[in-house]
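Undergrad: I'd like to ask some things about the structure below.
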Amino acid sequence: MSVDVVIAGAGPNGLMLACELSLAGVRPVVLERLPGRTEENRANGLVGQVVRMLDRRGLYGRLSDSKEPPRPGPSFVFGALPLDLSTLDDNPLYGLPVPQRRVEQVLEERAIELGVEIRRGHELTGLSQDDDAVTADIAGPTGSYRLRTRYLVGADGGRSLTRKLSGIGFPGVTTDNMVSRTAHATVPAAMIDPVTGGLNLPGYGAIPPFMHHRTERGLFVFAPFPSRPTVVSATEWDPAEAEGDDRPPLTLDELRESVRRVLGADLPLGPPEGQGPHLLRRLTGGNTRLADRFRDRRVLLVGDAAHVHSAIGGPGLNLGLQDTVNLGWKLAAEIRGWAPPGLLDSYETERRPVAQRVVMHTRAQAALIAPGGEVTALRELFTELLHDRRNVQHIADMMAGADIRYDMGAGDAHPLAGRWAPDLLPDTGTGPVRLAELTRDARPLLLDLTEDASLTEELSGWRDRVDVVAARSPDPAAPATALLLRPDCYIAWASSSPRPDPHEREVLRTALTRWFGAAG
Ligand SMILES: Cc1cc2nc3c(=O)[nH]c(=O)nc-3n(C[C@H](O)[C@H](O)[C@H](O)COP(=O)(O)OP(=O)(O)OC[C@H]3O[C@@H](n4cnc5c(N)ncnc54)[C@H](O)[C@@H]3O)c2cc1C
């Protein structure tokens with residue numbers, strides 16, 4: 001049997017990639033070794049540019065149960081230091097406090113709607129490549145079989161077999177000097193501050209909610225989510241605790257002892273309310289690793305298969321889901337035969353540096369939460385620096401991934417080129433429309449807001465691949481009069497002229513060729 005794409009792994013990144021490929025006209029087969037969706041509690045939410053990306057695919061509403069567009073939050077944390085985002089001109093830290101299980105459920109439903117075949121209980125066990133295809137060995141519920149596929153994508157998590165079998169190195173560091181204990185729990189109502197929702201802990205003092213709280217002995221988090229169980233977490237640096245994987249499962253008493261050591265005060269913990277499964281997790285040490293390549297001929301890696309790092313600040317899904325949105329249309333273009341040379345390789349060129357940056361800032365945050373007098377001094381300095389809102393903007397942009405600027409070659413002249421498309425409100429004749437309404441199909445798009453909407457004629461050789469929307473801009477201060485958007489919503493070309501001149505039109509055609517292939 002032969003297929004165009006096999007995706008190994010139906011975690012969030014495998015499922016999102018499957019949706020992106022389907023939107024671009026390619027039906028992948030997704031292999032998942034587990035027989036059903038996992039009940040494991042991992043991410044408590046999504047943060048950063050990914051929230052806007054999901055909005056641009058019509059998935060934000062499903063996840064938030066709201067008809068309102070996403071909005072950035074007023075505050076966040078970097079290395080357990082508070083970030084006041086309320087004064088920023090352009091706050092990029094959008095948040096969606098939805099557990100990973102729900103994200104996976106919504107992505108699976110969407111993938112099935114789009115006709116994706118998900119084979120649960122089917123494990124990738126081997127692979128080999130020749131010039132034309134990858135042969136995947138699979139262990140299924142009724143026995144082993146082989147699939148020939150033009151491309152295979154490893155979305156099979158941090159221990160990715162795809163990566164190992166492809167000989168792709170995964171250099172980095174593994175630490176074992178830290179123990180993190182996290183559980184769903186209740187705390188005495190009398191200790192909850194009615195104004196902040198945080199804790200007033202006798203013998204310690206006020207602890208704001210949802211903030212990493214560092215002491216000289218560790219890190220504490222109190223997260224009273226509105227409609228799901230409260231999360232309590234304590235992290236300690238204690239090599240003795242890190243030994244041995246065969247300890248009994250975490251108990252609330254063990255967590256309470258750890259909280260006592262971190263805060264120096266007693267926080268009684270009761271069993272969680274509401275429906276389970278409930279979280280009781282002890283994690284020892286951690287890995288920070290980055291694949292040395294994201295591609296080996298016909299095999300590609302996305303998400304945790306390509307990079308693992310500390311979960312501090314919740315950057316994992318922001319990074320991984322945007323890998324998939326970067327890769328999906330490029331891989332589909334390759335399969336459908338219109339990809340210009342080098343398009344598929346640009347996945348690694350664009351996304352590996354982004355992952356490197358996440359590795360950098362999660363390691364920097366790990367340094368800022370560690371115990372020790374020098375760290376305390378460093379934090380004092382950082383606190384001073386964070387009084388300058390330009391520094392807050394810099395850190396917020398980095399955490400959100402809003403500082404990404406991809407290389408757009410000849411199209412780079414405009415300040416928006418290579419950037420994430422801003423939330424314009426073009427008027428298509430029936431009133432203002434959010435850009436997010438125009439990008440749901442994940443197609444390349446020329447948004448023509450020029451005076452005479454004459455850019456459409458430049459597209460004549462690309463109309464099969466590129467959509468065009470001619471509209472008026474109700475905002476005279478809009479940052480552009482025309483935008484060429486790649487399906488991942490990054491700007492391949494832009495103009496600010498009411499009537500772009502012949503040179504700008506020439507650059508537009510160059511950008512169309514570079515990203516969407518030769519004119520037909
Ligand atoms: C404790 C913790 C807290 C976190 N908190 C956050 C957070 O708040 N925010 C955030 O954004 N991120 C967070 N993350 C990171 C986030 O959970 C990961 O980045 C995310 O799960 C990666 O998704 P993935 O699809 O790449 O891999 P995974 O979720 O690991 O999925 C891989 C899938 O592949 C399957 N598989 C593996 N091998 C095979 C095979 N050989 N054949 C077939 N199937 C296979 C697995 O069963 C699994 O279903 C957290 C992670 C942890 C561990």
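Residues in the structure tokens are named by chain (A, B, ... in the order shown) and by number from 1 within that chain; ligands are numbered from 1 in the order shown.
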Which residues of segment 26-111 of chain A come within 12 Å of segment 185-209 of chain A, and for each one, what is the closest pair of atoms and their distance in Å to one decimal, counting only C-alpha atoms, sorted by chain and residue number, as a Markdown table?
TA:
| residue | atom | partner | partner_atom | distance |
| --- | --- | --- | --- | --- |
| A:Ser75 | CA | A:Pro209 | CA | 11.4 |
| A:Phe76 | CA | A:Pro209 | CA | 11.0 |
| A:Val77 | CA | A:Pro209 | CA | 11.4 |
| A:Ala80 | CA | A:Pro208 | CA | 11.5 |
| A:Leu81 | CA | A:Pro208 | CA | 11.9 |
| A:Pro82 | CA | A:Pro208 | CA | 10.2 |
Undergrad: Taking only residues of chain A that have an atom at most 6 Å from an atom of ligand 1, what is each one's shortest atom pair and its distance in Å to one decimal, using only C-alpha atoms and all ligand atoms, in chain and number order, as JSON lines?
TA:
{"residue": "A:Ala8", "atom": "CA", "partner": "ligand 1", "partner_atom_place_in_ligand_line": "43 (C)", "distance": 4.8}
{"residue": "A:Gly9", "atom": "CA", "partner": "ligand 1", "partner_atom_place_in_ligand_line": "34 (O)", "distance": 3.2}
{"residue": "A:Ala10", "atom": "CA", "partner": "ligand 1", "partner_atom_place_in_ligand_line": "49 (O)", "distance": 4.9}
{"residue": "A:Gly11", "atom": "CA", "partner": "ligand 1", "partner_atom_place_in_ligand_line": "31 (O)", "distance": 3.5}
{"residue": "A:Pro12", "atom": "CA", "partner": "ligand 1", "partner_atom_place_in_ligand_line": "25 (O)", "distance": 4.2}
{"residue": "A:Asn13", "atom": "CA", "partner": "ligand 1", "partner_atom_place_in_ligand_line": "25 (O)", "distance": 3.8}
{"residue": "A:Gly14", "atom": "CA", "partner": "ligand 1", "partner_atom_place_in_ligand_line": "25 (O)", "distance": 5.3}
{"residue": "A:Leu31", "atom": "CA", "partner": "ligand 1", "partner_atom_place_in_ligand_line": "43 (C)", "distance": 5.0}
{"residue": "A:Glu32", "atom": "CA", "partner": "ligand 1", "partner_atom_place_in_ligand_line": "44 (N)", "distance": 3.8}
{"residue": "A:Arg33", "atom": "CA", "partner": "ligand 1", "partner_atom_place_in_ligand_line": "44 (N)", "distance": 4.1}
{"residue": "A:Leu34", "atom": "CA", "partner": "ligand 1", "partner_atom_place_in_ligand_line": "47 (O)", "distance": 5.3}
{"residue": "A:Arg42", "atom": "CA", "partner": "ligand 1", "partner_atom_place_in_ligand_line": "3 (C)", "distance": 4.2}
{"residue": "A:Ala43", "atom": "CA", "partner": "ligand 1", "partner_atom_place_in_ligand_line": "6 (C)", "distance": 3.3}
{"residue": "A:Asn44", "atom": "CA", "partner": "ligand 1", "partner_atom_place_in_ligand_line": "8 (O)", "distance": 4.4}
{"residue": "A:Gly45", "atom": "CA", "partner": "ligand 1", "partner_atom_place_in_ligand_line": "8 (O)", "distance": 4.9}
{"residue": "A:Leu46", "atom": "CA", "partner": "ligand 1", "partner_atom_place_in_ligand_line": "11 (O)", "distance": 5.0}
{"residue": "A:Glu123", "atom": "CA", "partner": "ligand 1", "partner_atom_place_in_ligand_line": "42 (N)", "distance": 3.6}
{"residue": "A:Leu124", "atom": "CA", "partner": "ligand 1", "partner_atom_place_in_ligand_line": "42 (N)", "distance": 3.9}
{"residue": "A:Thr125", "atom": "CA", "partner": "ligand 1", "partner_atom_place_in_ligand_line": "41 (N)", "distance": 5.7}
{"residue": "A:Ala155", "atom": "CA", "partner": "ligand 1", "partner_atom_place_in_ligand_line": "26 (O)", "distance": 5.2}
{"residue": "A:Asp156", "atom": "CA", "partner": "ligand 1", "partner_atom_place_in_ligand_line": "34 (O)", "distance": 3.5}
{"residue": "A:Gly157", "atom": "CA", "partner": "ligand 1", "partner_atom_place_in_ligand_line": "30 (O)", "distance": 3.6}
{"residue": "A:Ser160", "atom": "CA", "partner": "ligand 1", "partner_atom_place_in_ligand_line": "38 (N)", "distance": 5.9}
{"residue": "A:Leu161", "atom": "CA", "partner": "ligand 1", "partner_atom_place_in_ligand_line": "41 (N)", "distance": 5.5}
{"residue": "A:Gly303", "atom": "CA", "partner": "ligand 1", "partner_atom_place_in_ligand_line": "26 (O)", "distance": 3.7}
{"residue": "A:Asp304", "atom": "CA", "partner": "ligand 1", "partner_atom_place_in_ligand_line": "26 (O)", "distance": 3.9}
{"residue": "A:Ala305", "atom": "CA", "partner": "ligand 1", "partner_atom_place_in_ligand_line": "26 (O)", "distance": 5.9}
{"residue": "A:Ala311", "atom": "CA", "partner": "ligand 1", "partner_atom_place_in_ligand_line": "4 (C)", "distance": 5.0}
{"residue": "A:Gly314", "atom": "CA", "partner": "ligand 1", "partner_atom_place_in_ligand_line": "9 (N)", "distance": 3.5}
{"residue": "A:Pro315", "atom": "CA", "partner": "ligand 1", "partner_atom_place_in_ligand_line": "11 (O)", "distance": 4.7}
{"residue": "A:Gly316", "atom": "CA", "partner": "ligand 1", "partner_atom_place_in_ligand_line": "19 (O)", "distance": 3.8}
{"residue": "A:Leu317", "atom": "CA", "partner": "ligand 1", "partner_atom_place_in_ligand_line": "11 (O)", "distance": 3.5}
{"residue": "A:Asn318", "atom": "CA", "partner": "ligand 1", "partner_atom_place_in_ligand_line": "11 (O)", "distance": 5.5}
Undergrad: Residues within 8 Å of segment 284-291 of chain A, please, as an MDAnalysis selection string. Count only C-alpha atoms; anything in the same chain fewer than 6 positions from it doesn't count.
TA: chainID A and resid 168:180 242 305:310 355:356 359
Undergrad: Ranking A:Asp55, A:Glu109, A:Asp4, A:Asp246 by minimum distance to Leu152 of chain A and counting only C-alpha atoms, which one comes first?
TA: A:Asp4
Undergrad: Between atom CA of Ala471 of chain A and atom CA of Thr450 of chain A, what is the distance, to one decimal in Å?
TA: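 Taking atom CA of Ala471 of chain A and atom CA of Thr450 of chain A, their separation equals 8.1 Å.
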Undergrad: Taking 5 positions as the minimum chain separation for residues in the same chain, which residues sit within 10 Å of Pro500 of chain A when counting only C-alpha atoms? Answer as a list in words.
TA: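 Counting only C-alpha atoms, the residues come to Thr450, Glu451, Ser454, Leu455, Thr481, Ala482, Ala494, Ser495, Arg505, Glu506 and Leu508 of chain A.
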Undergrad: In terms of the shortest atom-to-atom distance over only C-alpha atoms, which of A:Gly79, A:Pro69, A:Pro271, A:Pro99 is closest to Thr251 of chain A?
TA: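 Smallest distance to Thr251 of chain A is found for A:Pro271.
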Undergrad: Choose the residue, out of A:Gly328, A:Pro92, A:Pro141, A:Pro479, that has the smallest atom-to-atom separation from His394 of chain A; count only C-alpha atoms.
TA: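 Using only C-alpha atoms, His394 of chain A sits closest to A:Pro92.
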Undergrad: Could you list, as a PDB file with N, CA, C and O atoms, in the first residue's frame, every residue within 10 Å of segment 369-374 of chain A, counting only C-alpha atoms and ignoring same-chain residues fewer than 3 positions away?
TA:
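After the write, out10.pdb holds the following:
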ATOM      1  N   PHE A  78       8.501  35.571  33.879  1.00  0.00           N
ATOM      2  CA  PHE A  78       9.726  35.117  33.219  1.00  0.00           C
ATOM      3  C   PHE A  78      10.702  34.729  34.316  1.00  0.00           C
ATOM      4  O   PHE A  78      11.108  35.578  35.126  1.00  0.00           O
ATOM      5  N   GLY A  79      11.040  33.451  34.376  1.00  0.00           N
ATOM      6  CA  GLY A  79      11.973  32.997  35.414  1.00  0.00           C
ATOM      7  C   GLY A  79      11.488  33.367  36.806  1.00  0.00           C
ATOM      8  O   GLY A  79      12.275  33.798  37.651  1.00  0.00           O
ATOM      9  N   ALA A  80      10.171  33.223  37.037  1.00  0.00           N
ATOM     10  CA  ALA A  80       9.544  33.557  38.327  1.00  0.00           C
ATOM     11  C   ALA A  80       9.662  35.043  38.671  1.00  0.00           C
ATOM     12  O   ALA A  80       9.552  35.425  39.844  1.00  0.00           O
ATOM     13  N   LEU A  81       9.875  35.885  37.662  1.00  0.00           N
ATOM     14  CA  LEU A  81       9.815  37.335  37.878  1.00  0.00           C
ATOM     15  C   LEU A  81       8.555  37.851  37.186  1.00  0.00           C
ATOM     16  O   LEU A  81       8.290  37.480  36.032  1.00  0.00           O
ATOM     17  N   MET A 178      16.992  18.050  40.208  1.00  0.00           N
ATOM     18  CA  MET A 178      15.784  18.810  40.514  1.00  0.00           C
ATOM     19  C   MET A 178      14.600  17.848  40.632  1.00  0.00           C
ATOM     20  O   MET A 178      14.504  16.907  39.851  1.00  0.00           O
ATOM     21  N   HIS A 212       4.999  31.818  39.249  1.00  0.00           N
ATOM     22  CA  HIS A 212       6.066  31.023  39.855  1.00  0.00           C
ATOM     23  C   HIS A 212       6.617  31.837  41.018  1.00  0.00           C
ATOM     24  O   HIS A 212       6.923  33.011  40.868  1.00  0.00           O
ATOM     25  N   HIS A 213       6.753  31.192  42.154  1.00  0.00           N
ATOM     26  CA  HIS A 213       7.155  31.913  43.351  1.00  0.00           C
ATOM     27  C   HIS A 213       8.450  31.278  43.859  1.00  0.00           C
ATOM     28  O   HIS A 213       8.451  30.140  44.327  1.00  0.00           O
ATOM     29  N   ARG A 214       9.583  32.010  43.742  1.00  0.00           N
ATOM     30  CA  ARG A 214      10.880  31.432  44.115  1.00  0.00           C
ATOM     31  C   ARG A 214      11.256  31.809  45.548  1.00  0.00           C
ATOM     32  O   ARG A 214      11.051  32.954  45.963  1.00  0.00           O
ATOM     33  N   THR A 215      11.785  30.832  46.271  1.00  0.00           N
ATOM     34  CA  THR A 215      12.421  31.114  47.557  1.00  0.00           C
ATOM     35  C   THR A 215      13.859  30.614  47.452  1.00  0.00           C
ATOM     36  O   THR A 215      14.242  30.042  46.433  1.00  0.00           O
ATOM     37  N   GLU A 216      14.618  30.779  48.524  1.00  0.00           N
ATOM     38  CA  GLU A 216      16.001  30.276  48.505  1.00  0.00           C
ATOM     39  C   GLU A 216      16.035  28.749  48.475  1.00  0.00           C
ATOM     40  O   GLU A 216      17.081  28.147  48.252  1.00  0.00           O
ATOM     41  N   ARG A 217      14.893  28.108  48.698  1.00  0.00           N
ATOM     42  CA  ARG A 217      14.891  26.642  48.771  1.00  0.00           C
ATOM     43  C   ARG A 217      14.151  25.972  47.622  1.00  0.00           C
ATOM     44  O   ARG A 217      14.151  24.750  47.531  1.00  0.00           O
ATOM     45  N   GLY A 218      13.521  26.746  46.773  1.00  0.00           N
ATOM     46  CA  GLY A 218      12.811  26.109  45.668  1.00  0.00           C
ATOM     47  C   GLY A 218      11.785  27.018  45.034  1.00  0.00           C
ATOM     48  O   GLY A 218      11.834  28.251  45.181  1.00  0.00           O
ATOM     49  N   LEU A 219      10.850  26.388  44.351  1.00  0.00           N
ATOM     50  CA  LEU A 219       9.861  27.129  43.566  1.00  0.00           C
ATOM     51  C   LEU A 219       8.473  26.609  43.926  1.00  0.00           C
ATOM     52  O   LEU A 219       8.277  25.386  44.048  1.00  0.00           O
ATOM     53  N   THR A 235       8.934  22.723  43.576  1.00  0.00           N
ATOM     54  CA  THR A 235      10.144  22.208  42.936  1.00  0.00           C
ATOM     55  C   THR A 235      11.326  22.439  43.874  1.00  0.00           C
ATOM     56  O   THR A 235      11.463  23.534  44.429  1.00  0.00           O
ATOM     57  N   GLU A 236      12.127  21.406  44.026  1.00  0.00           N
ATOM     58  CA  GLU A 236      13.317  21.528  44.888  1.00  0.00           C
ATOM     59  C   GLU A 236      14.548  21.046  44.158  1.00  0.00           C
ATOM     60  O   GLU A 236      14.464  20.182  43.280  1.00  0.00           O
ATOM     61  N   TRP A 237      15.655  21.610  44.549  1.00  0.00           N
ATOM     62  CA  TRP A 237      16.939  21.160  44.011  1.00  0.00           C
ATOM     63  C   TRP A 237      17.564  20.260  45.070  1.00  0.00           C
ATOM     64  O   TRP A 237      18.013  20.728  46.104  1.00  0.00           O
ATOM     65  N   ILE A 312       9.054  25.547  31.624  1.00  0.00           N
ATOM     66  CA  ILE A 312       8.841  26.835  32.303  1.00  0.00           C
ATOM     67  C   ILE A 312       8.341  27.901  31.315  1.00  0.00           C
ATOM     68  O   ILE A 312       8.897  28.077  30.233  1.00  0.00           O
ATOM     69  N   ALA A 364      17.731  30.183  30.382  1.00  0.00           N
ATOM     70  CA  ALA A 364      17.924  31.425  31.144  1.00  0.00           C
ATOM     71  C   ALA A 364      16.943  31.471  32.322  1.00  0.00           C
ATOM     72  O   ALA A 364      17.307  31.855  33.439  1.00  0.00           O
ATOM     73  N   GLN A 365      15.708  31.020  32.075  1.00  0.00           N
ATOM     74  CA  GLN A 365      14.719  31.030  33.166  1.00  0.00           C
ATOM     75  C   GLN A 365      15.082  30.005  34.232  1.00  0.00           C
ATOM     76  O   GLN A 365      14.902  30.250  35.428  1.00  0.00           O
ATOM     77  N   ALA A 366      15.591  28.853  33.786  1.00  0.00           N
ATOM     78  CA  ALA A 366      16.007  27.840  34.767  1.00  0.00           C
ATOM     79  C   ALA A 366      17.106  28.412  35.663  1.00  0.00           C
ATOM     80  O   ALA A 366      17.130  28.160  36.877  1.00  0.00           O
ATOM     81  N   ALA A 377      20.957  37.738  43.610  1.00  0.00           N
ATOM     82  CA  ALA A 377      21.504  39.013  43.141  1.00  0.00           C
ATOM     83  C   ALA A 377      21.134  39.260  41.671  1.00  0.00           C
ATOM     84  O   ALA A 377      20.748  40.365  41.283  1.00  0.00           O
ATOM     85  N   LEU A 378      21.242  38.204  40.871  1.00  0.00           N
ATOM     86  CA  LEU A 378      20.888  38.325  39.448  1.00  0.00           C
ATOM     87  C   LEU A 378      19.421  38.721  39.294  1.00  0.00           C
ATOM     88  O   LEU A 378      19.050  39.539  38.439  1.00  0.00           O
ATOM     89  N   ARG A 379      18.586  38.168  40.151  1.00  0.00           N
ATOM     90  CA  ARG A 379      17.155  38.489  40.093  1.00  0.00           C
ATOM     91  C   ARG A 379      16.904  39.953  40.466  1.00  0.00           C
ATOM     92  O   ARG A 379      16.023  40.598  39.905  1.00  0.00           O
ATOM     93  N   GLU A 380      17.679  40.455  41.413  1.00  0.00           N
ATOM     94  CA  GLU A 380      17.517  41.874  41.767  1.00  0.00           C
ATOM     95  C   GLU A 380      17.832  42.754  40.564  1.00  0.00           C
ATOM     96  O   GLU A 380      17.130  43.721  40.265  1.00  0.00           O
TER      97      GLU A 380
END
Undergrad: Using only C-alpha atoms, pick whichever of A:Pro272, A:Gln100, A:Gly143, A:His122 has the shortest atom-to-atom distance to His184 of chain A.
TA: A:Pro272
Undergrad: Write down as a list in words the residues belonging to segment 148-193 of chain A that are assigned strand (DSSP E or B) by DSSP computed on the backbone.
TA: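 Listing strand (DSSP E or B) positions across segment 148-193 of chain A yields Arg148, Thr149, Arg150, Tyr151, Leu152, Val153, Gly154, Gly172, Val173, Thr174, Thr175, Asp176, Asn177, Met178, Val179, Ser180, Arg181, Thr182, Ala183, His184, Thr186 and Ile192 of chain A.
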Undergrad: Residues near segment 428-432 of chain A, anyone? I mean within 8 Å using only C-alpha atoms, not counting same-chain ones fewer than 6 positions away, as a list in words.
TA: Val469, Ala470, Ala471, Arg472 and Pro474 of chain A
Undergrad: For Val299 of chain A, which residue out of A:Ala442, A:Ala478, A:Leu331, A:Ala396 is the nearest one, using only C-alpha atoms?
TA: A:Leu331
Undergrad: Any chance you could list, as a PyMOL selection string, the residues in segment 5-159 of chain A that come up helix (DSSP H, G or I) when DSSP is run on the backbone?
TA: chain A and resi 12-23+49-56+60-64+100-113
Undergrad: Can I get the selected residues back with N, CA and C atoms, as a tab-separated table (two decimals), in the first residue's frame?
TA:
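To be explicit, this is the file written out as result.tsv:
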chain	number	residue	atom	x	y	z
A	12	PRO	N	-0.50	16.43	20.04
A	12	PRO	CA	-1.01	17.68	19.46
A	12	PRO	C	-0.33	18.05	18.15
A	13	ASN	N	0.97	17.80	18.05
A	13	ASN	CA	1.67	18.25	16.84
A	13	ASN	C	1.38	17.36	15.65
A	14	GLY	N	1.28	16.05	15.87
A	14	GLY	CA	0.93	15.16	14.77
A	14	GLY	C	-0.46	15.47	14.25
A	15	LEU	N	-1.39	15.73	15.16
A	15	LEU	CA	-2.78	16.01	14.75
A	15	LEU	C	-2.88	17.34	14.02
A	16	MET	N	-2.17	18.35	14.53
A	16	MET	CA	-2.22	19.66	13.87
A	16	MET	C	-1.62	19.58	12.47
A	17	LEU	N	-0.52	18.86	12.35
A	17	LEU	CA	0.09	18.71	11.02
A	17	LEU	C	-0.89	18.00	10.08
A	18	ALA	N	-1.58	17.00	10.60
A	18	ALA	CA	-2.55	16.28	9.76
A	18	ALA	C	-3.63	17.24	9.26
A	19	CYS	N	-4.09	18.15	10.12
A	19	CYS	CA	-5.10	19.13	9.71
A	19	CYS	C	-4.53	20.05	8.62
A	20	GLU	N	-3.31	20.52	8.82
A	20	GLU	CA	-2.71	21.45	7.85
A	20	GLU	C	-2.53	20.77	6.49
A	21	LEU	N	-2.08	19.53	6.49
A	21	LEU	CA	-1.90	18.81	5.22
A	21	LEU	C	-3.24	18.62	4.53
A	22	SER	N	-4.25	18.27	5.30
A	22	SER	CA	-5.57	18.05	4.69
A	22	SER	C	-6.10	19.33	4.08
A	23	LEU	N	-5.93	20.45	4.80
A	23	LEU	CA	-6.40	21.72	4.24
A	23	LEU	C	-5.70	22.02	2.92
A	49	GLN	N	2.12	33.30	20.36
A	49	GLN	CA	1.61	33.45	19.01
A	49	GLN	C	0.69	32.31	18.59
A	50	VAL	N	0.89	31.12	19.17
A	50	VAL	CA	0.10	29.96	18.78
A	50	VAL	C	-1.39	30.21	19.00
A	51	VAL	N	-1.73	31.04	19.98
A	51	VAL	CA	-3.15	31.30	20.26
A	51	VAL	C	-3.76	32.03	19.06
A	52	ARG	N	-3.01	32.99	18.51
A	52	ARG	CA	-3.50	33.72	17.33
A	52	ARG	C	-3.50	32.80	16.11
A	53	MET	N	-2.53	31.90	16.06
A	53	MET	CA	-2.48	30.95	14.94
A	53	MET	C	-3.73	30.06	14.94
A	54	LEU	N	-4.10	29.59	16.12
A	54	LEU	CA	-5.30	28.74	16.20
A	54	LEU	C	-6.54	29.54	15.81
A	55	ASP	N	-6.54	30.82	16.15
A	55	ASP	CA	-7.65	31.70	15.75
A	55	ASP	C	-7.70	31.79	14.22
A	56	ARG	N	-6.54	31.87	13.61
A	56	ARG	CA	-6.50	32.00	12.14
A	56	ARG	C	-6.95	30.72	11.44
A	60	TYR	N	-9.64	28.61	17.66
A	60	TYR	CA	-9.64	29.30	18.95
A	60	TYR	C	-11.04	29.26	19.58
A	61	GLY	N	-12.05	29.53	18.77
A	61	GLY	CA	-13.43	29.53	19.29
A	61	GLY	C	-13.81	28.18	19.86
A	62	ARG	N	-13.43	27.11	19.17
A	62	ARG	CA	-13.76	25.77	19.68
A	62	ARG	C	-13.08	25.50	21.02
A	63	LEU	N	-11.86	26.00	21.16
A	63	LEU	CA	-11.11	25.72	22.39
A	63	LEU	C	-11.52	26.62	23.55
A	64	SER	N	-11.89	27.86	23.23
A	64	SER	CA	-12.19	28.81	24.31
A	64	SER	C	-13.68	28.84	24.63
A	100	GLN	N	-4.04	20.36	27.87
A	100	GLN	CA	-3.57	19.71	26.63
A	100	GLN	C	-4.53	18.61	26.15
A	101	ARG	N	-5.14	17.92	27.09
A	101	ARG	CA	-6.08	16.85	26.70
A	101	ARG	C	-7.19	17.41	25.83
A	102	ARG	N	-7.69	18.59	26.21
A	102	ARG	CA	-8.77	19.22	25.44
A	102	ARG	C	-8.25	19.68	24.06
A	103	VAL	N	-7.02	20.20	24.04
A	103	VAL	CA	-6.42	20.61	22.76
A	103	VAL	C	-6.36	19.41	21.83
A	104	GLU	N	-5.91	18.28	22.37
A	104	GLU	CA	-5.79	17.08	21.53
A	104	GLU	C	-7.16	16.61	21.05
A	105	GLN	N	-8.15	16.71	21.92
A	105	GLN	CA	-9.51	16.29	21.53
A	105	GLN	C	-10.03	17.14	20.37
A	106	VAL	N	-9.86	18.46	20.50
A	106	VAL	CA	-10.36	19.36	19.45
A	106	VAL	C	-9.60	19.13	18.15
A	107	LEU	N	-8.29	18.95	18.24
A	107	LEU	CA	-7.50	18.73	17.01
A	107	LEU	C	-7.88	17.39	16.36
A	108	GLU	N	-8.15	16.39	17.19
A	108	GLU	CA	-8.54	15.09	16.61
A	108	GLU	C	-9.89	15.22	15.92
A	109	GLU	N	-10.84	15.91	16.56
A	109	GLU	CA	-12.16	16.09	15.94
A	109	GLU	C	-12.01	16.82	14.60
A	110	ARG	N	-11.17	17.85	14.59
A	110	ARG	CA	-10.98	18.62	13.36
A	110	ARG	C	-10.33	17.76	12.27
A	111	ALA	N	-9.33	16.97	12.68
A	111	ALA	CA	-8.65	16.11	11.70
A	111	ALA	C	-9.64	15.12	11.09
A	112	ILE	N	-10.50	14.57	11.92
A	112	ILE	CA	-11.47	13.60	11.40
A	112	ILE	C	-12.46	14.30	10.46
A	113	GLU	N	-12.90	15.50	10.85
A	113	GLU	CA	-13.78	16.28	9.94
A	113	GLU	C	-13.14	16.47	8.57
Undergrad: Which residue gives the smallest distance to Leu386 of chain A among A:Leu85, A:Ala234, A:Ala402, A:Leu127, with only C-alpha atoms counted?
TA: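 Selected residue with least distance to Leu386 of chain A: A:Leu85.
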Undergrad: Could you please determine the separation between atom CA of Gly313 of chain A and atom CA of Asp89 of chain A in Å, to one decimal place?
TA: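 It comes out at 21.5 Å.
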